[in-house]
file work.txt (compact mmCIF, C-alpha atoms and all ligand atoms)
# COMPACT_ATOMS: atom_id res chain seq x y z
CA MET A 217 110.56 1.61 122.03
CA THR A 218 107.39 0.04 120.62
CA ILE A 219 104.65 -2.25 121.89
CA ALA A 220 104.43 -5.33 119.64
CA TYR A 221 101.24 -7.19 118.74
CA ASP A 222 102.16 -10.08 121.06
CA ASP A 223 102.72 -7.62 123.91
CA VAL A 224 99.18 -6.30 123.41
CA LEU A 225 97.81 -9.84 123.63
CA ARG A 226 99.86 -10.44 126.77
CA TRP A 227 98.39 -7.27 128.31
CA ILE A 228 94.83 -8.41 127.55
CA ARG A 229 95.52 -11.89 128.97
CA ASP A 230 97.30 -10.60 132.08
CA PHE A 231 94.53 -8.07 132.72
CA ALA A 232 91.94 -10.88 132.45
CA ALA A 233 94.01 -12.92 134.95
CA GLU A 234 94.32 -9.95 137.33
CA ILE A 235 90.56 -9.41 137.22
CA SER A 236 89.97 -13.10 137.82
CA ASP A 237 92.35 -13.11 140.81
CA ASN A 238 90.68 -9.99 142.24
CA LYS A 239 87.08 -10.82 141.37
CA GLN A 240 85.98 -11.01 145.00
CA TYR A 241 87.91 -7.91 146.02
CA LEU A 242 86.30 -5.82 143.23
CA SER A 243 82.84 -7.13 144.04
CA LYS A 244 83.43 -6.39 147.74
CA LEU A 245 84.30 -2.77 146.91
CA ASP A 246 81.10 -2.63 144.82
CA ALA A 247 79.03 -4.16 147.65
CA ALA A 248 79.91 -1.15 149.84
CA ILE A 249 78.52 1.46 147.43
CA GLY A 250 76.71 -0.49 144.68
CA ASP A 251 75.28 -3.95 144.08
CA GLY A 252 78.37 -6.08 144.61
CA ASP A 253 78.87 -7.38 141.09
CA HIS A 254 81.76 -5.40 139.58
CA GLY A 255 84.34 -8.20 139.89
CA VAL A 256 81.92 -10.83 138.61
CA ASN A 257 80.88 -8.56 135.71
CA MET A 258 84.43 -7.79 134.65
CA ASP A 259 85.53 -11.40 134.99
CA ARG A 260 82.65 -12.68 132.85
CA GLY A 261 83.46 -10.07 130.20
CA MET A 262 87.21 -10.65 130.12
CA GLN A 263 86.82 -14.43 130.01
CA ALA A 264 84.50 -13.97 127.01
CA ALA A 265 87.09 -11.63 125.48
CA LEU A 266 89.84 -14.25 125.80
CA GLY A 267 87.66 -16.66 123.84
CA LYS A 268 87.49 -14.19 120.95
CA LEU A 269 91.22 -13.57 120.58
CA ASP A 270 91.99 -16.70 118.58
CA ALA A 271 89.72 -15.58 115.74
CA VAL A 272 91.45 -12.19 115.41
CA PRO A 273 93.26 -11.48 112.10
CA GLU A 274 96.98 -12.08 112.50
CA LYS A 275 98.96 -9.14 113.95
CA ASP A 276 96.21 -6.53 113.84
CA VAL A 277 96.38 -4.72 117.21
CA GLY A 278 93.19 -2.77 116.49
CA ALA A 279 91.22 -5.91 115.63
CA ALA A 280 92.28 -7.60 118.88
CA LEU A 281 91.28 -4.60 120.99
CA LYS A 282 87.96 -4.29 119.15
CA ALA A 283 87.22 -7.98 119.75
CA VAL A 284 87.69 -7.37 123.50
CA GLY A 285 85.34 -4.38 123.35
CA MET A 286 82.64 -6.33 121.51
CA ALA A 287 82.85 -9.20 124.02
CA LEU A 288 82.52 -6.81 126.97
CA ILE A 289 79.51 -5.07 125.45
CA SER A 290 77.73 -8.30 124.54
CA LYS A 291 78.49 -10.23 127.77
CA VAL A 292 78.33 -7.62 130.53
CA GLY A 293 75.24 -5.74 131.56
CA GLY A 294 75.11 -2.77 133.92
CA ALA A 295 77.35 0.25 133.72
CA ALA A 296 80.86 -1.13 133.48
CA GLY A 297 80.31 -3.54 130.53
CA PRO A 298 79.32 -0.85 128.02
CA LEU A 299 81.86 1.59 129.49
CA TYR A 300 84.81 -0.82 129.35
CA GLY A 301 83.45 -2.06 126.01
CA THR A 302 83.61 1.49 124.67
CA LEU A 303 87.09 1.94 126.11
CA PHE A 304 88.41 -1.11 124.24
CA LEU A 305 86.47 -0.32 121.03
CA GLN A 306 88.01 3.15 120.99
CA LEU A 307 91.49 1.76 121.68
CA GLY A 308 90.82 -0.56 118.74
CA SER A 309 89.63 2.16 116.35
CA ALA A 310 92.64 4.31 117.20
CA THR A 311 95.04 1.44 116.44
CA ALA A 312 93.21 -0.20 113.49
CA GLY A 313 95.58 -2.05 111.16
CA LYS A 314 98.68 -1.42 113.29
CA THR A 315 101.06 -4.29 113.96
CA GLU A 316 102.78 -2.43 116.81
CA LEU A 317 102.33 0.75 118.85
CA SER A 318 104.67 3.67 119.41
CA ALA A 319 104.40 5.91 122.48
CA GLN A 320 102.52 8.39 120.31
CA ASP A 321 100.10 5.65 119.18
CA TRP A 322 99.38 4.66 122.80
CA SER A 323 98.91 8.30 123.79
CA SER A 324 96.35 8.86 121.00
CA ALA A 325 94.63 5.57 121.77
CA LEU A 326 94.24 6.50 125.45
CA GLU A 327 92.93 9.89 124.39
CA SER A 328 90.22 8.26 122.22
CA ALA A 329 89.37 5.70 124.90
CA VAL A 330 88.81 8.31 127.61
CA LYS A 331 86.79 10.45 125.22
CA GLY A 332 84.59 7.44 124.41
CA VAL A 333 84.00 6.56 128.07
CA GLN A 334 83.09 10.16 128.83
CA ALA A 335 80.79 10.45 125.79
CA ARG A 336 78.92 7.37 126.97
CA GLY A 337 78.90 7.84 130.74
CA LYS A 338 79.04 11.65 131.02
CA ALA A 339 81.29 11.43 134.07
CA GLU A 340 83.68 14.25 134.93
CA PRO A 341 86.75 14.05 137.17
CA GLY A 342 85.63 13.98 140.81
CA ASP A 343 82.38 12.08 140.15
CA LYS A 344 83.90 8.95 141.79
CA THR A 345 84.11 6.71 138.72
CA MET A 346 86.70 4.94 136.56
CA ILE A 347 87.29 8.35 134.93
CA ASP A 348 89.12 9.41 138.11
CA ALA A 349 91.82 6.81 137.40
CA LEU A 350 91.78 7.06 133.59
CA ILE A 351 92.18 10.82 133.15
CA PRO A 352 95.27 11.22 135.36
CA ALA A 353 96.77 8.14 133.67
CA ARG A 354 96.15 9.56 130.20
CA ASP A 355 97.59 12.95 131.14
CA ALA A 356 100.65 11.53 132.90
CA PHE A 357 101.43 9.32 129.92
CA ARG A 358 101.07 12.14 127.41
CA GLU A 359 103.21 14.54 129.44
CA ALA A 360 105.92 11.95 129.99
CA ALA A 361 105.97 10.83 126.35
CA GLU A 362 106.02 14.42 125.06
CA GLY A 363 108.83 15.18 127.51
CA GLY A 364 111.01 12.51 125.93
CA VAL A 365 110.73 10.00 128.78
CA SER A 366 111.23 6.34 127.73
CA LEU A 367 108.10 4.34 126.93
CA GLY A 368 108.58 2.10 129.96
CA ASP A 369 108.95 5.05 132.35
CA ALA A 370 105.99 6.88 130.78
CA LEU A 371 103.85 3.77 131.34
CA GLU A 372 105.05 3.59 134.94
CA ARG A 373 104.13 7.25 135.55
CA SER A 374 100.74 6.60 133.99
CA SER A 375 100.20 3.64 136.32
CA VAL A 376 101.19 5.70 139.39
CA ALA A 377 98.82 8.49 138.33
CA ALA A 378 95.98 5.96 137.97
CA LYS A 379 96.74 4.68 141.47
CA GLU A 380 96.64 8.17 142.94
CA GLY A 381 93.39 8.86 141.09
CA MET A 382 91.91 5.61 142.38
CA GLU A 383 92.92 6.40 145.99
CA ALA A 384 91.54 9.91 145.64
CA THR A 385 88.06 8.45 145.00
CA VAL A 386 87.82 7.33 148.65
CA PRO A 387 86.55 10.60 150.19
CA LEU A 388 84.44 11.55 147.16
CA VAL A 389 80.65 11.57 147.04
CA ALA A 390 79.51 9.67 143.93
CA ARG A 391 77.71 11.68 141.27
CA LYS A 392 77.37 8.97 138.60
CA GLY A 393 76.29 5.33 138.52
CA ARG A 394 74.62 3.28 141.24
CA ALA A 395 76.86 4.68 143.98
CA SER A 396 75.29 8.11 143.42
CA TYR A 397 72.00 6.76 144.84
CA LEU A 398 73.75 6.64 148.24
CA GLY A 399 74.56 10.35 148.21
CA GLU A 400 76.86 11.31 151.12
CA ARG A 401 76.99 7.70 152.29
CA SER A 402 79.11 6.84 149.24
CA ALA A 403 82.01 8.79 150.80
CA GLY A 404 84.70 6.77 152.59
CA HIS A 405 84.85 3.94 150.03
CA GLN A 406 87.15 3.37 147.05
CA ASP A 407 85.38 3.25 143.70
CA PRO A 408 85.41 -0.26 142.19
CA GLY A 409 85.61 0.94 138.56
CA ALA A 410 88.56 3.24 139.34
CA THR A 411 90.20 0.22 141.00
CA SER A 412 89.82 -2.03 137.93
CA SER A 413 91.00 0.84 135.70
CA HIS A 414 94.14 1.19 137.80
CA MET A 415 94.69 -2.56 137.31
CA LEU A 416 94.39 -2.08 133.53
CA LEU A 417 97.11 0.62 133.50
CA ARG A 418 99.31 -1.13 136.07
CA ILE A 419 99.33 -4.34 134.04
CA ALA A 420 100.21 -2.32 130.91
CA ALA A 421 103.21 -0.84 132.74
CA GLU A 422 104.29 -4.26 134.03
CA VAL A 423 103.89 -6.14 130.74
CA TRP A 424 105.34 -3.42 128.51
CA LYS A 425 108.12 -2.15 130.78
CA ASP A 426 110.92 -3.44 128.54
CA SER A 427 109.22 -2.43 125.26
P1 LIG B 1 76.76 -1.55 137.86
O1 LIG B 1 76.97 -0.24 138.55
O2 LIG B 1 75.78 -1.48 136.75
O3 LIG B 1 76.48 -2.66 138.84
P2 LIG B 1 79.52 -2.35 137.83
O4 LIG B 1 79.31 -2.64 139.26
O5 LIG B 1 80.14 -3.42 137.02
O6 LIG B 1 78.15 -1.90 137.14
O7 LIG B 1 80.46 -1.07 137.67
C1 LIG B 1 80.42 0.01 138.58
C2 LIG B 1 81.49 1.01 138.19
O8 LIG B 1 81.17 1.61 136.95
C3 LIG B 1 81.61 2.17 139.16
O9 LIG B 1 82.50 1.85 140.22
C4 LIG B 1 82.15 3.30 138.29
O10 LIG B 1 83.56 3.35 138.30
C5 LIG B 1 81.70 2.92 136.91
N1 LIG B 1 80.66 3.83 136.45
C6 LIG B 1 79.34 3.81 136.75
N2 LIG B 1 78.68 4.78 136.09
C7 LIG B 1 79.63 5.45 135.36
C8 LIG B 1 79.61 6.57 134.45
N3 LIG B 1 78.45 7.20 134.14
N4 LIG B 1 80.78 6.97 133.89
C9 LIG B 1 81.94 6.33 134.18
N5 LIG B 1 82.01 5.27 135.02
C10 LIG B 1 80.89 4.85 135.60
MG MG B 2 77.72 -3.15 140.38
call {"tool": "encode", "arguments": {"input": "work.txt", "output": "structure tokens"}}
result
Amino acid sequence: MTIAYDDVLRWIRDFAAEISDNKQYLSKLDAAIGDGDHGVNMDRGMQAALGKLDAVPEKDVGAALKAVGMALISKVGGAAGPLYGTLFLQLGSATAGKTELSAQDWSSALESAVKGVQARGKAEPGDKTMIDALIPARDAFREAAEGGVSLGDALERSSVAAKEGMEATVPLVARKGRASYLGERSAGHQDPGATSSHMLLRIAAEVWKDS
């Protein structure tokens, strides 16, 4: 029914582990349409984030999420560091002072996070970016939660929507970020940022499924 503080920490840690395990895969996706560093970037940032978690005030979900955002912004250059940094900072602002999250809290937090990423990166759906995974995930979660679906099932639907959004980036021509320099040649490849964003939502669904 609710996501506890410790569940949020578990999500952050499991996401960092997933990124670490898939560092080469994410960088390989980026090598096809960018500069081949997305996995390395995200891994450096999430490892730095893990190091910050111990200093977070006890049981403050927002403070933990903000600490992750600050670490990503300070440790990762390029596009994804500031964008993921903004995502986590916005999740943190939306949940400041909370010791646990309801479905409504998570819905509002996702709303703020996506807004923040779009304000910073100016990407719209279909531009072949992380937004293509995040927006369907946000919408699927909100619709499921408003429709009275259990938190676990709403998270699962959100994860599936992120996966579909990620897969739908394959035929797209990139209009934002480094991949856009390739023009038509960016088509036929899955976007690395949409892939890591799907991981973020999939891990949330896995870790929080019994919440
Ligand atoms: P860089 O492109 O600086 O090397 P990364 O390789 O770490 O940074 O991240 C690339 C990913 O960042 C892309 O796959 C895309 O999903 C995301 N991205 C790039 N520019 C934008 C943007 N303006 N808005 C949203 N996401 C973006
Ligand atoms: Mg790159």
call {"tool": "closest_residue", "arguments": {"input": "work.txt", "among": "A:Val376, A:Ala279, A:Ile289, A:Ala370", "to": "Leu350 of chain A", "atoms": "only C-alpha atoms"}}
result
A:Val376
call {"tool": "closest_residue", "arguments": {"input": "work.txt", "among": "A:Asn238, A:Gln263, A:Thr315, A:Ser402", "to": "Tyr221 of chain A", "atoms": "all atoms listed in the file"}}
result
A:Thr315
call {"tool": "closest_residue", "arguments": {"input": "work.txt", "among": "A:Ala283, A:Ala395, A:Met262, A:Val224", "to": "ligand MG 2 (chain B)", "atoms": "all atoms listed in the file"}}
result
A:Ala395
call {"tool": "closest_residue", "arguments": {"input": "work.txt", "among": "A:Ala360, A:Ala349, A:Val389, A:Leu417", "to": "Ala319 of chain A", "atoms": "all atoms listed in the file"}}
result
A:Ala360
call {"tool": "closest_residue", "arguments": {"input": "work.txt", "among": "A:Leu367, A:Met346, A:Leu299, A:Val333", "to": "Ser427 of chain A", "atoms": "all atoms listed in the file"}}
result
A:Leu367
call {"tool": "closest_residue", "arguments": {"input": "work.txt", "among": "A:Thr302, A:Ser236, A:Ser366, A:Ser328", "to": "ligand LIG 1 (chain B)", "atoms": "only C-alpha atoms and all ligand atoms"}}
result
A:Thr302
call {"tool": "residues_around", "arguments": {"input": "work.txt", "residues": "Leu317 of chain A", "least_positions_apart": "2", "cutoff": "6 Å", "atoms": "all atoms listed in the file", "output": "number ranges by chain"}}
result
A: 218-219, 321
call {"tool": "axis_aligned_box", "arguments": {"input": "work.txt", "around": "ligand LIG 1 (chain B)", "padding_each_side": "6 Å", "output": "lines of an AutoDock Vina configuration file"}}
result
center_x = 79.7
center_y = 1.9
center_z = 137.1
size_x = 19.8
size_y = 22.6
size_z = 18.3
call {"tool": "residues_around", "arguments": {"input": "work.txt", "residues": "Thr411 of chain A", "least_positions_apart": "5", "cutoff": "9 Å", "atoms": "all atoms listed in the file", "output": "JSON, numbers by chain"}}
result
{"A": [242, 245, 346, 349, 378, 379, 382, 383, 406, 416]}
call {"tool": "residues_near_ligand", "arguments": {"input": "work.txt", "ligand": "ligand MG 2 (chain B)", "cutoff": "6 Å", "atoms": "all atoms listed in the file", "output": "ChimeraX atom specification"}}
result
/A:246,250-254
call {"tool": "write_last_selection", "arguments": {"input": "work.txt", "atoms": "C-alpha atoms", "output": "compact mmCIF listing (two decimals), in the coordinates of the input"}}
result
# COMPACT_ATOMS: atom_id res chain seq x y z
CA ASP A 246 81.10 -2.63 144.82
CA GLY A 250 76.71 -0.49 144.68
CA ASP A 251 75.28 -3.95 144.08
CA GLY A 252 78.37 -6.08 144.61
CA ASP A 253 78.87 -7.38 141.09
CA HIS A 254 81.76 -5.40 139.58
call {"tool": "decode", "arguments": {"input": "work.txt", "residues": "segment 394-424 of chain A", "atoms": "C-alpha atoms", "output": "compact mmCIF listing (two decimals), in the first residue's frame"}}
result
# COMPACT_ATOMS: atom_id res chain seq x y z
CA ARG A 394 24.33 13.69 -29.74
CA ALA A 395 22.35 11.09 -31.69
CA SER A 396 20.59 13.93 -33.55
CA TYR A 397 23.91 14.75 -35.27
CA LEU A 398 23.52 11.47 -37.18
CA GLY A 399 20.17 12.48 -38.67
CA GLU A 400 18.52 9.56 -40.52
CA ARG A 401 21.41 7.27 -39.60
CA SER A 402 20.22 7.29 -35.99
CA ALA A 403 17.20 5.19 -37.03
CA GLY A 404 17.40 1.44 -36.39
CA HIS A 405 19.03 1.70 -32.95
CA GLN A 406 17.52 1.68 -29.46
CA ASP A 407 18.12 4.85 -27.47
CA PRO A 408 20.52 4.28 -24.55
CA GLY A 409 18.85 6.83 -22.24
CA ALA A 410 15.40 5.30 -22.83
CA THR A 411 16.99 1.93 -22.00
CA SER A 412 18.40 3.10 -18.65
CA SER A 413 15.09 4.82 -17.87
CA HIS A 414 13.24 1.57 -18.46
CA MET A 415 15.69 -0.07 -16.02
CA LEU A 416 14.85 2.60 -13.42
CA LEU A 417 11.09 1.88 -13.67
CA ARG A 418 11.52 -1.90 -13.96
CA ILE A 419 13.61 -2.01 -10.79
CA ALA A 420 10.97 0.10 -9.00
CA ALA A 421 8.30 -2.44 -10.00
CA GLU A 422 10.47 -5.37 -8.90
CA VAL A 423 11.59 -3.90 -5.57
CA TRP A 424 8.22 -2.41 -4.61
